[in-house]
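Coordinates as given in model_31.cif (mmCIF, C-alpha atoms and all ligand atoms):
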```
data_structure
loop_
_atom_site.label_atom_id
_atom_site.label_comp_id
_atom_site.auth_asym_id
_atom_site.auth_seq_id
_atom_site.Cartn_x
_atom_site.Cartn_y
_atom_site.Cartn_z
CA MET A 1 3.91 -7.82 -16.22
CA SER A 2 3.68 -5.35 -13.36
CA SER A 3 0.32 -4.60 -11.89
CA HIS A 4 1.70 -1.43 -10.34
CA PRO A 5 0.34 1.89 -11.56
CA THR A 6 2.72 4.39 -13.16
CA LEU A 7 3.26 8.14 -13.14
CA LYS A 8 4.79 10.34 -15.83
CA LEU A 9 8.14 12.06 -15.47
CA ASN A 10 8.74 15.50 -17.02
CA THR A 11 10.67 13.64 -19.75
CA GLY A 12 7.46 11.88 -20.82
CA ALA A 13 8.74 8.51 -19.56
CA THR A 14 6.66 6.44 -17.16
CA ILE A 15 7.81 5.41 -13.70
CA PRO A 16 6.18 2.70 -11.56
CA THR A 17 4.77 4.37 -8.45
CA LEU A 18 6.43 1.89 -6.12
CA GLY A 19 10.10 0.94 -6.06
CA LEU A 20 12.19 -1.51 -4.08
CA GLY A 21 14.98 0.26 -2.17
CA VAL A 22 18.12 -1.82 -1.70
CA TYR A 23 20.16 0.30 0.72
CA GLN A 24 21.72 -1.75 3.53
CA MET A 25 21.05 -4.99 1.76
CA LYS A 26 24.10 -7.20 1.92
CA LYS A 27 26.17 -7.53 -1.21
CA GLY A 28 25.72 -10.92 -2.86
CA GLU A 29 22.95 -13.39 -2.20
CA GLN A 30 20.75 -11.15 -0.03
CA THR A 31 20.40 -8.38 -2.60
CA ARG A 32 20.11 -10.78 -5.52
CA GLN A 33 17.34 -12.74 -3.80
CA ALA A 34 15.41 -9.64 -2.73
CA VAL A 35 15.44 -8.16 -6.22
CA ARG A 36 14.36 -11.51 -7.71
CA TRP A 37 11.48 -11.78 -5.21
CA ALA A 38 10.44 -8.21 -5.95
CA LEU A 39 10.41 -8.78 -9.70
CA ASP A 40 8.46 -12.02 -9.18
CA ALA A 41 5.97 -10.09 -7.02
CA GLY A 42 5.38 -7.53 -9.78
CA TYR A 43 7.78 -4.74 -8.85
CA ARG A 44 9.29 -3.09 -11.92
CA HIS A 45 11.29 -0.35 -10.20
CA ILE A 46 14.56 -0.81 -8.31
CA ASP A 47 16.43 1.95 -6.49
CA THR A 48 20.15 1.43 -5.86
CA ALA A 49 23.29 3.60 -5.67
CA SER A 50 27.01 3.13 -6.24
CA PHE A 51 27.39 3.84 -2.51
CA TYR A 52 25.26 0.79 -1.60
CA GLY A 53 27.89 -1.56 -3.02
CA ASN A 54 25.29 -3.91 -4.50
CA GLU A 55 24.80 -2.73 -8.09
CA GLU A 56 26.31 -5.94 -9.44
CA ASP A 57 23.79 -8.04 -7.55
CA VAL A 58 20.91 -5.89 -8.78
CA GLY A 59 22.19 -6.33 -12.35
CA ARG A 60 22.49 -10.08 -11.94
CA ALA A 61 19.00 -10.41 -10.49
CA VAL A 62 17.52 -8.41 -13.35
CA LYS A 63 19.25 -10.65 -15.90
CA GLU A 64 18.29 -13.88 -14.10
CA SER A 65 14.66 -12.83 -13.71
CA GLY A 66 14.03 -13.02 -17.44
CA VAL A 67 11.99 -9.81 -17.25
CA PRO A 68 12.92 -7.71 -20.29
CA ARG A 69 15.23 -4.84 -19.33
CA GLU A 70 12.90 -2.26 -20.91
CA GLU A 71 10.11 -3.28 -18.52
CA ILE A 72 12.22 -2.40 -15.49
CA PHE A 73 12.85 1.11 -14.17
CA LEU A 74 16.41 1.19 -12.85
CA THR A 75 17.82 4.03 -10.76
CA THR A 76 21.32 4.52 -9.43
CA LYS A 77 23.12 7.52 -7.96
CA LEU A 78 26.33 9.51 -8.22
CA TRP A 79 28.17 9.73 -4.89
CA PRO A 80 29.80 13.12 -4.04
CA THR A 81 33.36 11.75 -4.07
CA ASP A 82 32.74 11.07 -7.77
CA PHE A 83 31.63 14.66 -8.56
CA LEU A 84 34.98 15.26 -10.29
CA ARG A 85 34.65 12.12 -12.44
CA PRO A 86 30.92 11.68 -13.20
CA GLU A 87 31.42 10.17 -16.65
CA LYS A 88 33.69 7.45 -15.27
CA ALA A 89 31.45 6.79 -12.27
CA LEU A 90 28.43 6.43 -14.56
CA LYS A 91 30.28 4.00 -16.85
CA GLU A 92 31.32 1.94 -13.83
CA SER A 93 27.72 1.83 -12.56
CA LEU A 94 26.46 0.78 -15.99
CA LYS A 95 29.06 -1.97 -16.08
CA ARG A 96 28.21 -3.25 -12.61
CA LEU A 97 24.50 -3.14 -13.39
CA ASP A 98 25.23 -4.83 -16.74
CA THR A 99 22.96 -2.47 -18.62
CA PRO A 100 23.52 -0.13 -21.58
CA TYR A 101 21.40 2.64 -20.02
CA LEU A 102 19.79 3.82 -16.78
CA ASP A 103 16.22 4.97 -16.41
CA LEU A 104 17.23 7.51 -13.79
CA TYR A 105 20.57 8.83 -12.52
CA LEU A 106 20.57 10.99 -9.40
CA ILE A 107 23.02 13.33 -7.71
CA HIS A 108 23.00 11.50 -4.35
CA TRP A 109 23.69 14.45 -2.01
CA PRO A 110 23.93 18.21 -2.71
CA PHE A 111 27.59 18.61 -1.76
CA VAL A 112 30.17 21.01 -3.21
CA GLY A 113 30.76 20.44 -6.91
CA ARG A 114 27.16 19.41 -7.60
CA ASP A 115 26.53 22.05 -10.30
CA ARG A 116 29.48 20.94 -12.40
CA ALA A 117 28.42 17.31 -11.92
CA TRP A 118 24.88 18.22 -13.01
CA LYS A 119 26.19 19.57 -16.34
CA LYS A 120 27.89 16.19 -16.89
CA LEU A 121 24.64 14.40 -16.15
CA GLU A 122 22.93 16.62 -18.70
CA GLN A 123 25.55 15.48 -21.22
CA ALA A 124 25.04 11.81 -20.29
CA SER A 125 21.34 12.30 -20.86
CA ALA A 126 21.97 13.89 -24.27
CA ASP A 127 24.25 10.95 -25.10
CA GLY A 128 21.47 8.48 -24.30
CA LEU A 129 23.26 6.76 -21.40
CA VAL A 130 20.55 7.84 -18.99
CA ARG A 131 16.90 8.37 -19.83
CA ALA A 132 16.26 10.83 -17.01
CA ILE A 133 18.38 12.74 -14.50
CA GLY A 134 17.47 13.98 -11.07
CA VAL A 135 18.66 14.90 -7.62
CA SER A 136 18.38 13.63 -4.08
CA ASN A 137 18.31 15.37 -0.72
CA TYR A 138 17.89 18.81 -2.34
CA SER A 139 16.16 21.63 -0.46
CA ILE A 140 14.07 24.32 -2.19
CA ARG A 141 17.05 26.70 -2.01
CA GLN A 142 19.37 24.15 -3.58
CA LEU A 143 16.87 23.49 -6.37
CA GLU A 144 16.50 27.21 -7.05
CA GLU A 145 20.29 27.51 -7.29
CA LEU A 146 20.39 24.59 -9.68
CA PHE A 147 17.71 26.15 -11.94
CA LYS A 148 19.99 29.18 -12.49
CA LYS A 149 22.69 27.02 -14.05
CA ALA A 150 20.85 24.02 -15.45
CA SER A 151 19.51 23.47 -18.95
CA VAL A 152 17.47 20.46 -17.81
CA VAL A 153 14.96 20.55 -14.92
CA PRO A 154 15.51 17.49 -12.68
CA ALA A 155 12.91 14.78 -13.30
CA VAL A 156 13.01 13.69 -9.66
CA ASN A 157 13.99 14.84 -6.18
CA GLN A 158 14.42 11.83 -3.88
CA VAL A 159 14.09 12.86 -0.23
CA GLU A 160 13.17 11.38 3.12
CA ILE A 161 9.40 11.51 3.62
CA SER A 162 7.03 9.73 5.98
CA PRO A 163 4.04 10.90 8.01
CA PHE A 164 6.60 11.84 10.68
CA LEU A 165 8.61 13.91 8.22
CA PHE A 166 5.94 15.37 5.97
CA GLN A 167 7.96 17.85 3.92
CA LYS A 168 4.89 19.67 2.65
CA GLU A 169 6.52 22.83 1.28
CA LEU A 170 9.24 20.92 -0.52
CA ILE A 171 6.70 18.54 -2.04
CA ALA A 172 4.48 21.41 -3.23
CA PHE A 173 7.48 23.28 -4.66
CA CYS A 174 8.73 20.22 -6.58
CA GLN A 175 5.30 19.22 -7.83
CA GLY A 176 4.71 22.83 -8.96
CA LYS A 177 7.88 22.63 -11.07
CA GLY A 178 7.03 19.23 -12.55
CA ILE A 179 9.62 17.44 -10.41
CA LEU A 180 8.40 14.07 -9.17
CA VAL A 181 9.12 13.44 -5.49
CA GLU A 182 10.35 10.02 -4.40
CA ALA A 183 9.97 9.16 -0.71
CA TYR A 184 12.92 7.36 0.83
CA SER A 185 12.77 5.69 4.24
CA PRO A 186 8.96 5.73 3.82
CA LEU A 187 8.66 3.22 6.68
CA THR A 188 10.92 5.26 9.03
CA ARG A 189 13.23 2.23 8.90
CA GLY A 190 10.61 0.44 10.95
CA LYS A 191 11.03 2.81 13.91
CA LYS A 192 7.47 4.20 13.92
CA LEU A 193 5.51 1.19 12.74
CA GLY A 194 4.11 0.80 16.25
CA ASN A 195 2.56 4.29 16.33
CA GLY A 196 -0.99 4.19 17.75
CA THR A 197 -2.66 6.28 15.01
CA ILE A 198 -1.11 4.18 12.28
CA GLU A 199 -2.03 0.94 14.01
CA GLU A 200 -5.61 2.11 14.42
CA ILE A 201 -5.95 3.02 10.74
CA ALA A 202 -4.29 -0.25 9.77
CA LYS A 203 -6.81 -2.16 11.85
CA THR A 204 -9.75 -0.40 10.15
CA HIS A 205 -8.50 -1.55 6.75
CA GLN A 206 -7.18 -4.91 7.93
CA ARG A 207 -3.76 -3.92 6.65
CA SER A 208 -0.33 -3.63 8.21
CA ALA A 209 1.20 -0.39 9.52
CA ALA A 210 3.75 -0.56 6.68
CA GLN A 211 0.98 -0.76 4.08
CA VAL A 212 -0.73 2.29 5.59
CA MET A 213 2.49 4.32 5.45
CA ILE A 214 3.12 3.32 1.84
CA ARG A 215 -0.47 4.10 0.90
CA TRP A 216 -0.17 7.54 2.53
CA SER A 217 2.86 8.31 0.29
CA LEU A 218 1.06 7.14 -2.82
CA GLN A 219 -2.02 9.24 -2.09
CA HIS A 220 0.21 12.32 -1.82
CA GLY A 221 1.45 11.65 -5.37
CA LEU A 222 4.85 10.45 -4.14
CA VAL A 223 6.82 7.41 -5.26
CA PRO A 224 7.75 5.46 -2.10
CA LEU A 225 10.83 3.23 -2.09
CA PRO A 226 10.37 0.79 0.82
CA LYS A 227 13.26 -1.57 1.48
CA SER A 228 12.85 -5.13 2.66
CA SER A 229 15.07 -8.14 2.24
CA LYS A 230 12.30 -10.51 3.34
CA ARG A 231 10.13 -12.16 0.73
CA GLU A 232 6.91 -11.85 2.69
CA ARG A 233 7.40 -8.16 3.43
CA ILE A 234 8.36 -7.40 -0.17
CA GLY A 235 4.98 -8.83 -1.18
CA GLU A 236 3.14 -7.11 1.66
CA ASN A 237 4.63 -3.69 0.81
CA ALA A 238 3.35 -3.95 -2.75
CA ASN A 239 -0.13 -5.05 -1.76
CA VAL A 240 -1.32 -1.46 -1.49
CA PHE A 241 -3.25 -0.77 -4.66
CA ASP A 242 -6.65 -2.13 -3.63
CA PHE A 243 -7.57 0.11 -0.72
CA THR A 244 -7.85 3.85 -0.15
CA LEU A 245 -7.30 5.96 2.94
CA SER A 246 -10.12 8.41 3.56
CA GLU A 247 -9.53 12.18 3.65
CA GLU A 248 -9.94 12.05 7.41
CA GLU A 249 -7.35 9.27 7.72
CA MET A 250 -4.95 11.19 5.47
CA ARG A 251 -5.40 14.26 7.71
CA MET A 252 -4.71 12.15 10.82
CA LEU A 253 -1.53 10.80 9.25
CA ASP A 254 -0.46 14.27 8.03
CA GLY A 255 -0.88 15.38 11.63
CA LEU A 256 1.86 12.99 12.80
CA HIS A 257 4.50 15.30 11.31
CA ALA A 258 7.17 15.96 13.92
CA ASN A 259 10.22 16.80 11.79
CA TYR A 260 11.40 13.29 12.59
CA SER A 261 14.18 11.76 10.53
CA ALA A 262 14.75 8.02 10.79
CA LEU A 263 18.31 8.37 9.52
CA PHE A 264 20.09 9.49 12.66
P1 LIG B 1 12.59 2.00 5.02
O1 LIG B 1 11.77 3.08 5.64
O2 LIG B 1 12.23 1.48 3.70
O3 LIG B 1 12.64 0.83 6.10
C1 LIG B 1 13.36 -0.34 5.90
C2 LIG B 1 13.27 -1.13 7.21
O4 LIG B 1 11.92 -1.52 7.46
C3 LIG B 1 14.10 -2.40 7.18
O5 LIG B 1 14.64 -2.57 8.46
C4 LIG B 1 13.07 -3.50 6.88
O6 LIG B 1 13.50 -4.70 7.46
C5 LIG B 1 11.82 -2.95 7.55
N1 LIG B 1 10.58 -3.34 6.87
C6 LIG B 1 10.33 -3.31 5.54
N2 LIG B 1 9.07 -3.71 5.28
C7 LIG B 1 8.50 -3.99 6.46
C8 LIG B 1 7.23 -4.47 6.83
N3 LIG B 1 6.28 -4.71 5.92
N4 LIG B 1 6.97 -4.67 8.15
C9 LIG B 1 7.92 -4.43 9.08
N5 LIG B 1 9.15 -3.97 8.79
C10 LIG B 1 9.45 -3.76 7.48
O7 LIG B 1 14.11 2.56 5.07
P2 LIG B 1 15.34 2.78 4.08
O8 LIG B 1 16.18 3.79 4.75
O9 LIG B 1 15.95 1.52 3.66
O10 LIG B 1 14.72 3.49 2.79
C11 LIG B 1 14.25 2.80 1.68
C12 LIG B 1 15.08 3.07 0.44
O11 LIG B 1 15.17 4.47 0.17
C13 LIG B 1 16.55 2.64 0.55
O12 LIG B 1 16.69 1.24 0.45
C14 LIG B 1 17.16 3.43 -0.57
O13 LIG B 1 16.86 2.82 -1.82
C15 LIG B 1 16.43 4.75 -0.43
N6 LIG B 1 17.22 5.70 0.40
C16 LIG B 1 17.79 6.78 -0.23
C17 LIG B 1 18.54 7.69 0.47
C18 LIG B 1 19.14 8.83 -0.27
O14 LIG B 1 19.97 9.55 0.31
N7 LIG B 1 18.77 9.08 -1.51
C19 LIG B 1 18.77 7.57 1.92
C20 LIG B 1 18.09 6.42 2.51
C21 LIG B 1 17.34 5.55 1.76
P3 LIG B 1 13.76 -6.04 6.57
O15 LIG B 1 14.65 -5.69 5.43
O16 LIG B 1 14.38 -6.96 7.56
O17 LIG B 1 12.39 -6.48 6.12
#
```
Encoding of this model in structure tokens:
Amino acid sequence: MSSHPTLKLNTGATIPTLGLGVYQMKKGEQTRQAVRWALDAGYRHIDTASFYGNEEDVGRAVKESGVPREEIFLTTKLWPTDFLRPEKALKESLKRLDTPYLDLYLIHWPFVGRDRAWKKLEQASADGLVRAIGVSNYSIRQLEELFKKASVVPAVNQVEISPFLFQKELIAFCQGKGILVEAYSPLTRGKKLGNGTIEEIAKTHQRSAAQVMIRWSLQHGLVPLPKSSKRERIGENANVFDFTLSEEEMRMLDGLHANYSALF
């Protein structure tokens, strides 16, 4: 069983507060191994997408792990080129993941056609193919537009967040509406792990810089999705539930905000 704490979605379902991201993991052995290691290490939450090209490997690893499907929180995403065929894209993802349902299905990017696609996701949710639906990379304005047309409030908004991109207003807006915020690229893709403030705080707690960044996300009520394809780091990234950053340390980390995106 997972030792990871959980949060509640606005659907009433629980979501483990830490997920393994699998973007840029190689199709085949690398993804399969990483997901197996994560499940062995106690992760019960995997974040993939049709765009990542590795849903089949995630599905295989879940099956091989022997962990019951209902104990695992599985997310995948609808890519914008599939906005005109969401039902088919969802069925294809389910097939590749070898699962009868998803725990969470997200609109990957807020491109043209997203509102129509959202209505189809609402239908998929009503049909029981997905237990929760949400969005990714949505701004406050895009969420407000969605509210005007939607019957279902998204359960999640998955966006890039790290101490260097502390999207405070967006987080407060989402949390105020009952939308859980997932933090992608929570480790800045490794680019800011050498930051002096983070290293100093890490030293105080005898932890790694990655652990401090993950802990910072958790203490802001976010669900971080760190990616690693290395067994040791997968374990290290989950070893974050037995220490707490002080208010002062949280303020220092908040202060690193520089509108910095690790994506580009
Ligand atoms: P992360 O911030 O998670 O960083 C991943 C990088 O950090 C990899 O290079 C990894 O290398 C390295 N790393 C991981 N753990 C450690 C550690 N303990 N010490 C040192 N280096 C480490 O970036 P991602 O962009 O991958 O984001 C994570 C996940 O978020 C994605 O996998 C995906 O699921 C999601 N995502 C969603 C997006 C969206 O549009 N919705 C966009 C981008 C990401 P190595 O693997 O070699 O260990």
Shortest contact to Ile179 of chain A, candidates A:Thr31, A:Gln158, A:Ser65, A:Thr197, atoms counted all atoms listed in the file, goes to A:Gln158
Taking all atoms listed in the file and a cut-off of 8 Å, can you tell me which residues surround ligand LIG 1 (chain B), written as a ChimeraX atom specification? /A:20-25,46-49,77,108-109,136-137,158-160,183-191,193,208-211,224-230,232-234,236-237,262-263
Shortest contact to Val181 of chain A, candidates A:Gly196, A:Lys8, A:Phe264, A:Leu94, atoms counted only C-alpha atoms, goes to A:Lys8
Looking at A:Phe147, A:Phe166, A:Tyr43, A:Phe51, which one is nearest to Thr76 of chain A, with distances taken over only C-alpha atoms?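 Closest candidate: A:Phe51.
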Would you please work out which residue, of A:Gly128, A:Gly19, A:Gly235, A:Gly178, is nearest to Tyr101 of chain A when using all atoms listed in the file?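 Nearest candidate to Tyr101 of chain A out of A:Gly128, A:Gly19, A:Gly235, A:Gly178: A:Gly128.
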Here atom CA of Glu248 of chain A and atom CA of Leu218 of chain A stand apart by 15.8 Å
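In this model, the gap between atom CA of Pro80 of chain A and atom CA of Ala34 of chain A comes to 27.0 Å.
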Checklist entry - Which residue, A:Leu180, A:Leu170, A:Leu253, A:Leu90, has the smallest gap to Thr6 of chain A when you use all atoms listed in the file? => result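 Of all the options, A:Leu180 lies closest to Thr6 of chain A.
The residue that comes closest to Ile214 of chain A, out of A:Tyr52, A:Tyr260, A:Phe243, A:Trp118 and on the basis of all atoms listed in the file, is A:Phe243.
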Env of Arg85 of chain A: 12 Å cut, atoms = only C-alpha atoms, seq-sep filter 2 positions within chain, self excluded. Answer as number ranges by chain.
A: 78-83, 87-92, 113-114, 116-121
If I only have part of segment 24-40 of chain A, can you fill in N, CA, C and O atoms and write it as a compact mmCIF listing (two decimals), keeping the file's coordinate frame?
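Result file follows (selection25.txt):
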```txt
# COMPACT_ATOMS: atom_id res chain seq x y z
N GLN A 24 21.45 -0.89 2.37
CA GLN A 24 21.72 -1.75 3.53
C GLN A 24 21.35 -3.21 3.32
O GLN A 24 21.23 -3.97 4.27
N MET A 25 21.15 -3.56 2.05
CA MET A 25 21.05 -4.99 1.76
C MET A 25 22.47 -5.48 1.55
O MET A 25 23.27 -4.78 0.91
N LYS A 26 22.74 -6.67 2.05
CA LYS A 26 24.10 -7.20 1.92
C LYS A 26 24.42 -7.50 0.47
O LYS A 26 23.56 -7.99 -0.27
N LYS A 27 25.65 -7.19 0.10
CA LYS A 27 26.17 -7.53 -1.21
C LYS A 27 26.04 -9.04 -1.40
O LYS A 27 26.16 -9.78 -0.43
N GLY A 28 25.79 -9.48 -2.61
CA GLY A 28 25.72 -10.92 -2.86
C GLY A 28 24.30 -11.45 -2.79
O GLY A 28 23.34 -10.79 -3.20
N GLU A 29 24.20 -12.62 -2.20
CA GLU A 29 22.95 -13.39 -2.20
C GLU A 29 21.73 -12.60 -1.69
O GLU A 29 20.65 -12.67 -2.26
N GLN A 30 21.91 -11.84 -0.62
CA GLN A 30 20.75 -11.15 -0.03
C GLN A 30 20.12 -10.17 -1.02
O GLN A 30 18.90 -10.16 -1.22
N THR A 31 20.95 -9.35 -1.65
CA THR A 31 20.40 -8.38 -2.60
C THR A 31 19.82 -9.09 -3.83
O THR A 31 18.72 -8.76 -4.29
N ARG A 32 20.56 -10.07 -4.31
CA ARG A 32 20.11 -10.78 -5.52
C ARG A 32 18.74 -11.43 -5.29
O ARG A 32 17.83 -11.29 -6.10
N GLN A 33 18.62 -12.09 -4.15
CA GLN A 33 17.34 -12.74 -3.80
C GLN A 33 16.21 -11.73 -3.71
O GLN A 33 15.13 -11.94 -4.26
N ALA A 34 16.47 -10.64 -2.97
CA ALA A 34 15.41 -9.64 -2.73
C ALA A 34 14.92 -9.05 -4.05
O ALA A 34 13.71 -8.90 -4.26
N VAL A 35 15.85 -8.75 -4.94
CA VAL A 35 15.44 -8.16 -6.22
C VAL A 35 14.67 -9.19 -7.05
O VAL A 35 13.65 -8.87 -7.67
N ARG A 36 15.10 -10.45 -7.01
CA ARG A 36 14.36 -11.51 -7.71
C ARG A 36 12.94 -11.64 -7.17
O ARG A 36 11.97 -11.72 -7.92
N TRP A 37 12.82 -11.66 -5.83
CA TRP A 37 11.48 -11.78 -5.21
C TRP A 37 10.60 -10.59 -5.61
O TRP A 37 9.42 -10.77 -5.90
N ALA A 38 11.22 -9.41 -5.60
CA ALA A 38 10.44 -8.21 -5.95
C ALA A 38 9.95 -8.29 -7.39
O ALA A 38 8.77 -8.03 -7.67
N LEU A 39 10.83 -8.70 -8.29
CA LEU A 39 10.41 -8.78 -9.70
C LEU A 39 9.33 -9.86 -9.87
O LEU A 39 8.36 -9.67 -10.61
N ASP A 40 9.49 -10.96 -9.14
CA ASP A 40 8.46 -12.02 -9.18
C ASP A 40 7.12 -11.51 -8.65
O ASP A 40 6.06 -11.93 -9.10
```
